[in-house]
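Notes for the one structure printed next.
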Amino acid sequence: MTESAHLAFVALGANLAEPVAQVRAAGEALAGLPHSRLLQMSSLYRTAPVGIRGQPDFINAVAALSTTLAPQQLLDALFVVERRFGRRRDFPQAPRTLDLDLLLYDQLSLDSEQLRLPHPRMHLRAFVIAPLLEIEPTCRIPGRGSAAAWLPAVSQQRIERLAPREVVKKSSRAVRDAGRERASDET
Amino acid sequence: MLRNTLTAASHIAVEGPIGVGKTSLAHRLASHLDAQLLLEQPERNPFISRFYEDQERFALATQLAFLLQRIDRLRSLPPPEVDGRPLVSDFLLEKDALFALLTLTADEHELYRQVYENLAPQPVRPDLVIYLQARPETLLARIRKRGRDMERRIDDAYLGVVSDSYMRFFHAYDAAPVMVVNCENIDFVDSDDDFQLLVRRIEGMRGQREFFNRGE
């Protein structure tokens with residue numbers, strides 16, 4: 001492999017059919033993505049759903065990936081995982097088995113029909129900002145400054161951290177180092 | 001469940017007198033929320049420059065042109081269930097009647113009222129209104145600074161009357177929660193900190209009306 005590795009953050013969410021198990025399983029699926037390594041998974045967070053009443057709580061988490069896939073390839077790979085989990089796209093904000101959102105890809109800004117980076121609403125959601133900061137406290141969102149600066153603005157959204165995070169393979173240091181791997185490359 | 005005022009709102013309207021910074025804040029909020037932006041286009045009112053030169057003569061034409069434009073702008077919106085994104089506007093339709101009351105003579109106003117009732121526009125009810133305030137001197141300074149030709153003749157007496165009308169209007173307004181922002185010591189256009197502070201204050205809103213007033 002000669003391509004350089006990129007650092008990507010992916011938000012995971014589920015609110016159907018044992019969402020905790022779904023998100024954990026999705027974490028494993030991310031670990032199995034081609035040309036990618038799962039660097040870290042945040043804790044799981046529980047949120048009451050937005051928009052529709054009477055639905056079960058959402059379970060969310062954020063994962064850090066090192067990948068040599070291009071942004072669009074990574075997005076396609078995430079769709080494949082979503083489909084495998086049987087996401088329903090019946091209507092907007094419908095309950096979903098698994099929802100994967102590409103949040104950040106290095107510090108890339110991109111606005112195409114298929115993909116917008118950074119994710120345009122990530123800074124509005126406590127269930128994204130909190131787990132993201134948990135695994136990447138100094139994270140910056142292109143065009144919006146430090147992710148931590150948005151935490152007070154979403155602090156009214158009630159989320160609850162569930163389990164202590166599971167460290168997958170590497171420590172948090174691996175996340176910070178992933179950006180530098182681009183220069184040194186994978187072996 | 002707590003509703004998060006800003007992120008849960010499907011329509012946020014920014015209002016306030018001329019020069020207070022409605023459009024700038026609407027732009028910034030729309031970018032923040034990834035929302036659709038619905039802006040007034042005063043420069044496309046063919047009477048507006050002449051209105052500021054000779055209010056009495058051009059008030060009715062100006063009002064009617066604004067009324068039609070505002071109704072048209074609101075009609076042009078795709079329904080929220082189609083777009084999916086929230087909406088940020090820099091006006092409320094109700095401002096039309098507010099200005100009509102200020103600028104028209106009694107008989108002109110009666111004519112305006114008949115036209116309005118015949119058109120029967122449906123005022124859009126936002127989930128949140130951000131009402132911006134500033135002193136007339138501050139407004140005038142900002143209007144001079146932005147240097148729009150058509151606004152060159154606005155004076156502080158007119159701005160004072162407009163500001164008072166807004167205050168009376170929002171005193172009675174109860175169609176949506178209102179965040180009243182005193183813009184004297186806050187710059188949410190050029191200062192990220194100020195904008196984030198405003199966002200936090202709005203997210204923390206619990207009542208129908210709150211005041212954001214930062215002392216010097």
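How things are named: the first chain in the structure tokens is A, the next is B, and so on; residues count from 1 in each chain; ligands count from 1 in the order shown.
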
So which residues of segment 62-140 of chain A fall under helix (DSSP H, G or I) by DSSP, listed as a CSV table (one decimal) with N, CA and C atoms, in the first residue's frame?
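Final output, saved to result-v1.csv:
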chain,number,residue,atom,x,y,z
A,71,PRO,N,-13.0,9.9,0.5
A,71,PRO,CA,-14.3,10.1,1.2
A,71,PRO,C,-15.5,9.4,0.6
A,72,GLN,N,-15.7,9.5,-0.7
A,72,GLN,CA,-16.8,8.9,-1.3
A,72,GLN,C,-16.8,7.4,-1.2
A,73,GLN,N,-15.6,6.8,-1.2
A,73,GLN,CA,-15.5,5.4,-1.1
A,73,GLN,C,-15.9,4.9,0.3
A,74,LEU,N,-15.4,5.8,1.3
A,74,LEU,CA,-15.7,5.5,2.7
A,74,LEU,C,-17.2,5.6,2.9
A,75,LEU,N,-17.8,6.6,2.3
A,75,LEU,CA,-19.3,6.8,2.5
A,75,LEU,C,-20.0,5.6,1.9
A,76,ASP,N,-19.6,5.1,0.7
A,76,ASP,CA,-20.2,3.9,0.1
A,76,ASP,C,-20.1,2.7,1.0
A,77,ALA,N,-18.9,2.6,1.6
A,77,ALA,CA,-18.7,1.4,2.5
A,77,ALA,C,-19.6,1.5,3.7
A,78,LEU,N,-19.8,2.8,4.2
A,78,LEU,CA,-20.7,2.9,5.3
A,78,LEU,C,-22.2,2.6,4.9
A,79,PHE,N,-22.6,2.9,3.7
A,79,PHE,CA,-23.9,2.5,3.2
A,79,PHE,C,-24.1,1.0,3.2
A,80,VAL,N,-23.0,0.4,2.8
A,80,VAL,CA,-23.1,-1.1,2.7
A,80,VAL,C,-23.3,-1.7,4.1
A,81,VAL,N,-22.6,-1.1,5.1
A,81,VAL,CA,-22.9,-1.6,6.5
A,81,VAL,C,-24.3,-1.3,6.9
A,82,GLU,N,-24.8,-0.1,6.6
A,82,GLU,CA,-26.1,0.3,7.0
A,82,GLU,C,-27.1,-0.7,6.4
A,83,ARG,N,-26.9,-1.0,5.1
A,83,ARG,CA,-27.9,-1.9,4.4
A,83,ARG,C,-27.8,-3.2,5.0
A,84,ARG,N,-26.7,-3.7,5.4
A,84,ARG,CA,-26.5,-5.0,6.0
A,84,ARG,C,-27.3,-5.0,7.3
A,122,MET,N,-23.4,18.4,12.6
A,122,MET,CA,-22.8,17.7,13.7
A,122,MET,C,-22.6,18.5,15.0
A,123,HIS,N,-22.4,19.8,14.8
A,123,HIS,CA,-22.1,20.6,16.0
A,123,HIS,C,-23.4,21.0,16.7
A,124,LEU,N,-24.5,20.6,16.2
A,124,LEU,CA,-25.8,20.9,16.9
A,124,LEU,C,-26.3,19.8,17.8
A,126,ALA,N,-25.7,17.0,20.7
A,126,ALA,CA,-25.0,16.6,21.9
A,126,ALA,C,-24.5,15.2,21.7
A,127,PHE,N,-25.3,14.3,21.1
A,127,PHE,CA,-25.0,12.9,20.9
A,127,PHE,C,-23.9,12.7,19.9
A,128,VAL,N,-23.5,13.7,19.2
A,128,VAL,CA,-22.3,13.7,18.4
A,128,VAL,C,-21.1,14.3,19.0
A,129,ILE,N,-21.3,15.5,19.5
A,129,ILE,CA,-20.2,16.3,20.1
A,129,ILE,C,-19.6,15.6,21.3
A,130,ALA,N,-20.5,15.1,22.2
A,130,ALA,CA,-19.9,14.5,23.5
A,130,ALA,C,-19.1,13.3,23.2
A,131,PRO,N,-19.6,12.3,22.4
A,131,PRO,CA,-18.7,11.2,22.2
A,131,PRO,C,-17.5,11.5,21.3
A,132,LEU,N,-17.6,12.5,20.4
A,132,LEU,CA,-16.5,12.9,19.6
A,132,LEU,C,-15.4,13.5,20.5
A,133,LEU,N,-15.8,14.4,21.5
A,133,LEU,CA,-14.8,15.0,22.4
A,133,LEU,C,-14.2,13.9,23.3
A,134,GLU,N,-15.0,12.9,23.6
A,134,GLU,CA,-14.5,11.9,24.5
A,134,GLU,C,-13.2,11.2,23.9
A,135,ILE,N,-13.3,11.0,22.6
A,135,ILE,CA,-12.2,10.3,21.9
A,135,ILE,C,-11.2,11.2,21.3

Compile a residue-level contact table for chain B against chain A at a cut-off of 7 Å, reporting for every qualifying residue the shortest atom pair and its distance in Å to one decimal, with only C-alpha atoms counted, rows ordered by chain and ascending number, as JSON lines.
{"residue": "B:Asn4", "atom": "CA", "partner": "A:Gln157", "partner_atom": "CA", "distance": 6.6}
{"residue": "B:Thr7", "atom": "CA", "partner": "A:Leu124", "partner_atom": "CA", "distance": 6.7}
{"residue": "B:Leu33", "atom": "CA", "partner": "A:Arg121", "partner_atom": "CA", "distance": 6.4}
{"residue": "B:Asp34", "atom": "CA", "partner": "A:Pro120", "partner_atom": "CA", "distance": 6.0}
{"residue": "B:Gln196", "atom": "CA", "partner": "A:Ala153", "partner_atom": "CA", "distance": 6.9}
{"residue": "B:Val199", "atom": "CA", "partner": "A:Ala153", "partner_atom": "CA", "distance": 6.1}
{"residue": "B:Arg200", "atom": "CA", "partner": "A:Ala153", "partner_atom": "CA", "distance": 4.3}
{"residue": "B:Glu203", "atom": "CA", "partner": "A:Ala153", "partner_atom": "CA", "distance": 6.6}
{"residue": "B:Gly204", "atom": "CA", "partner": "A:Gln156", "partner_atom": "CA", "distance": 6.4}

Excluding same-chain residues fewer than 5 positions from Leu87 of chain B, what lies within 8 Å of it counting only C-alpha atoms, as a list in words?
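Selected residues are Ser10, His11, Ile12, Ala30, Ala35, Gln36, Leu37 and Leu38 of chain B.
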
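Atom CA of Tyr105 of chain A sits 10.6 Å away from atom CA of Ala5 of chain A.
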
Using only C-alpha atoms, which of the listed residues (A:Leu117, A:Leu7, A:Leu30, A:Leu12) sits closest to Asp101 of chain A?
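Looking only at the distances to Asp101 of chain A, the closest residue turns out to be A:Leu12.
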
Between A:Leu104, A:Ala70, A:Ala11, A:Ile141, which has the minimum distance to His35 of chain A (counting only C-alpha atoms)?
A:Ala70

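Within chain B, residues classed as strand (DSSP E) by DSSP on backbone coordinates are B:His11, B:Ile12, B:Ala13, B:Val14, B:Glu15, B:Gln36, B:Leu37, B:Leu38, B:Leu87, B:Val88, B:Ser89, B:Leu128, B:Val129, B:Ile130, B:Tyr131, B:Leu132, B:Gln133, B:Val178, B:Met179, B:Val180, B:Val181, B:Asn182, B:Arg209, B:Glu210, B:Phe211, B:Phe212, B:Asn213.
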
For N, CA and C atoms, I'd like the residues from the last selection saved as an mmCIF file, in the first residue's frame.
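Resulting contents of again_23.cif:
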data_model
loop_
_atom_site.group_PDB
_atom_site.id
_atom_site.type_symbol
_atom_site.label_atom_id
_atom_site.label_comp_id
_atom_site.auth_asym_id
_atom_site.auth_seq_id
_atom_site.Cartn_x
_atom_site.Cartn_y
_atom_site.Cartn_z
ATOM 1 N N HIS B 11 -38.955 26.778 12.117
ATOM 2 C CA HIS B 11 -38.881 28.117 11.521
ATOM 3 C C HIS B 11 -38.470 29.134 12.586
ATOM 4 N N ILE B 12 -37.390 29.808 12.317
ATOM 5 C CA ILE B 12 -36.915 30.866 13.201
ATOM 6 C C ILE B 12 -36.983 32.172 12.429
ATOM 7 N N ALA B 13 -37.629 33.169 13.009
ATOM 8 C CA ALA B 13 -37.697 34.477 12.363
ATOM 9 C C ALA B 13 -36.853 35.468 13.154
ATOM 10 N N VAL B 14 -36.060 36.247 12.443
ATOM 11 C CA VAL B 14 -35.292 37.324 13.065
ATOM 12 C C VAL B 14 -36.007 38.614 12.706
ATOM 13 N N GLU B 15 -36.287 39.441 13.702
ATOM 14 C CA GLU B 15 -36.982 40.702 13.445
ATOM 15 C C GLU B 15 -36.330 41.847 14.203
ATOM 16 N N GLN B 36 -32.607 26.509 5.479
ATOM 17 C CA GLN B 36 -32.954 27.353 4.339
ATOM 18 C C GLN B 36 -33.041 28.788 4.828
ATOM 19 N N LEU B 37 -32.733 29.696 3.939
ATOM 20 C CA LEU B 37 -32.737 31.110 4.295
ATOM 21 C C LEU B 37 -33.802 31.819 3.461
ATOM 22 N N LEU B 38 -34.663 32.537 4.142
ATOM 23 C CA LEU B 38 -35.695 33.300 3.434
ATOM 24 C C LEU B 38 -35.507 34.766 3.787
ATOM 25 N N LEU B 87 -36.057 26.512 8.627
ATOM 26 C CA LEU B 87 -36.095 27.751 7.869
ATOM 27 C C LEU B 87 -35.698 28.909 8.786
ATOM 28 N N VAL B 88 -34.866 29.789 8.262
ATOM 29 C CA VAL B 88 -34.551 31.021 8.972
ATOM 30 C C VAL B 88 -34.961 32.182 8.080
ATOM 31 N N SER B 89 -35.808 33.078 8.604
ATOM 32 C CA SER B 89 -36.215 34.235 7.809
ATOM 33 C C SER B 89 -35.804 35.520 8.513
ATOM 34 N N LEU B 128 -39.881 30.223 16.846
ATOM 35 C CA LEU B 128 -39.022 31.074 17.662
ATOM 36 C C LEU B 128 -38.804 32.380 16.921
ATOM 37 N N VAL B 129 -38.909 33.486 17.660
ATOM 38 C CA VAL B 129 -38.601 34.794 17.087
ATOM 39 C C VAL B 129 -37.419 35.379 17.846
ATOM 40 N N ILE B 130 -36.457 35.863 17.109
ATOM 41 C CA ILE B 130 -35.350 36.589 17.733
ATOM 42 C C ILE B 130 -35.550 38.055 17.387
ATOM 43 N N TYR B 131 -35.842 38.828 18.398
ATOM 44 C CA TYR B 131 -36.157 40.249 18.203
ATOM 45 C C TYR B 131 -34.936 41.069 18.618
ATOM 46 N N LEU B 132 -34.357 41.731 17.656
ATOM 47 C CA LEU B 132 -33.127 42.487 17.894
ATOM 48 C C LEU B 132 -33.464 43.949 18.163
ATOM 49 N N GLN B 133 -32.809 44.484 19.176
ATOM 50 C CA GLN B 133 -33.024 45.887 19.526
ATOM 51 C C GLN B 133 -31.701 46.642 19.541
ATOM 52 N N VAL B 178 -40.239 34.499 22.213
ATOM 53 C CA VAL B 178 -39.419 35.594 21.685
ATOM 54 C C VAL B 178 -38.153 35.740 22.527
ATOM 55 N N MET B 179 -37.025 35.715 21.874
ATOM 56 C CA MET B 179 -35.772 36.058 22.532
ATOM 57 C C MET B 179 -35.451 37.492 22.152
ATOM 58 N N VAL B 180 -35.477 38.371 23.142
ATOM 59 C CA VAL B 180 -35.219 39.782 22.890
ATOM 60 C C VAL B 180 -33.729 40.037 23.109
ATOM 61 N N VAL B 181 -33.062 40.473 22.065
ATOM 62 C CA VAL B 181 -31.614 40.651 22.159
ATOM 63 C C VAL B 181 -31.267 42.125 22.048
ATOM 64 N N ASN B 182 -30.634 42.633 23.084
ATOM 65 C CA ASN B 182 -30.113 43.991 23.020
ATOM 66 C C ASN B 182 -28.763 43.932 22.309
ATOM 67 N N ARG B 209 -40.651 34.264 26.785
ATOM 68 C CA ARG B 209 -39.954 35.506 26.489
ATOM 69 C C ARG B 209 -38.705 35.605 27.357
ATOM 70 N N GLU B 210 -37.593 35.831 26.718
ATOM 71 C CA GLU B 210 -36.390 36.041 27.500
ATOM 72 C C GLU B 210 -35.604 37.191 26.927
ATOM 73 N N PHE B 211 -34.756 37.756 27.767
ATOM 74 C CA PHE B 211 -33.996 38.934 27.371
ATOM 75 C C PHE B 211 -32.515 38.619 27.440
ATOM 76 N N PHE B 212 -31.845 38.970 26.389
ATOM 77 C CA PHE B 212 -30.397 38.798 26.355
ATOM 78 C C PHE B 212 -29.807 40.193 26.283
ATOM 79 N N ASN B 213 -29.216 40.582 27.370
ATOM 80 C CA ASN B 213 -28.734 41.945 27.497
ATOM 81 C C ASN B 213 -27.363 41.890 28.126
#

Nearest residue to Thr67 of chain A from the set A:Ala31, A:Met41, A:Ala8, A:Ala25 (distances using only C-alpha atoms)
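Of A:Ala31, A:Met41, A:Ala8, A:Ala25, the one nearest Thr67 of chain A is A:Ala8, counting only C-alpha atoms.
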
From the set A:Gly143, A:Pro34, A:Gly13, A:Gly86, which residue has the shortest atom-to-atom contact distance to Leu110 of chain A, counting only C-alpha atoms?
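Closest residue, counting only C-alpha atoms: A:Gly143.
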
Can you pull out the residues contacting segment 98-109 of chain B? Cut-off 12 Å, using only C-alpha atoms, and skip same-chain residues under 5 positions away; I want them as a ChimeraX atom specification.
/B:16-18,51-52,54-67,91-93,114-116,158-170

Saved selection, atoms kept: C-alpha atoms, as an mmCIF file, in the first residue's frame:
data_model
loop_
_atom_site.group_PDB
_atom_site.id
_atom_site.type_symbol
_atom_site.label_atom_id
_atom_site.label_comp_id
_atom_site.auth_asym_id
_atom_site.auth_seq_id
_atom_site.Cartn_x
_atom_site.Cartn_y
_atom_site.Cartn_z
ATOM 1 C CA GLY B 16 -36.217 44.225 14.494
ATOM 2 C CA PRO B 17 -35.824 47.733 13.114
ATOM 3 C CA ILE B 18 -33.838 48.738 10.040
ATOM 4 C CA PHE B 51 -40.147 56.590 -0.098
ATOM 5 C CA TYR B 52 -37.194 57.747 1.964
ATOM 6 C CA ASP B 54 -40.778 61.711 0.116
ATOM 7 C CA GLN B 55 -42.554 59.494 2.593
ATOM 8 C CA GLU B 56 -46.016 60.960 2.268
ATOM 9 C CA ARG B 57 -46.127 60.597 -1.461
ATOM 10 C CA PHE B 58 -44.692 57.111 -1.810
ATOM 11 C CA ALA B 59 -45.814 55.396 1.392
ATOM 12 C CA LEU B 60 -48.801 53.583 -0.063
ATOM 13 C CA ALA B 61 -47.002 52.321 -3.159
ATOM 14 C CA THR B 62 -44.083 51.203 -1.004
ATOM 15 C CA GLN B 63 -46.371 49.386 1.399
ATOM 16 C CA LEU B 64 -48.308 47.587 -1.299
ATOM 17 C CA ALA B 65 -45.127 46.548 -3.076
ATOM 18 C CA PHE B 66 -43.729 45.153 0.201
ATOM 19 C CA LEU B 67 -46.958 43.350 0.992
ATOM 20 C CA PHE B 91 -38.891 39.022 8.639
ATOM 21 C CA LEU B 92 -42.336 38.268 9.960
ATOM 22 C CA LEU B 93 -45.296 38.987 7.717
ATOM 23 C CA GLN B 114 -58.912 46.127 2.331
ATOM 24 C CA VAL B 115 -56.177 44.921 -0.002
ATOM 25 C CA TYR B 116 -54.638 42.898 2.824
ATOM 26 C CA TYR B 158 -37.968 57.837 11.763
ATOM 27 C CA LEU B 159 -35.803 55.124 13.350
ATOM 28 C CA GLY B 160 -37.074 56.124 16.777
ATOM 29 C CA VAL B 161 -40.683 55.740 15.650
ATOM 30 C CA VAL B 162 -39.931 52.384 14.009
ATOM 31 C CA SER B 163 -38.144 51.124 17.133
ATOM 32 C CA ASP B 164 -41.056 52.168 19.339
ATOM 33 C CA SER B 165 -43.522 50.390 17.080
ATOM 34 C CA TYR B 166 -41.487 47.212 17.240
ATOM 35 C CA MET B 167 -41.386 47.447 21.012
ATOM 36 C CA ARG B 168 -45.149 47.829 21.211
ATOM 37 C CA PHE B 169 -45.691 45.049 18.690
ATOM 38 C CA PHE B 170 -43.536 42.553 20.563
#

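Across the model, the gap from atom CA of Leu44 of chain A to atom CA of Asn60 of chain A is 5.7 Å.
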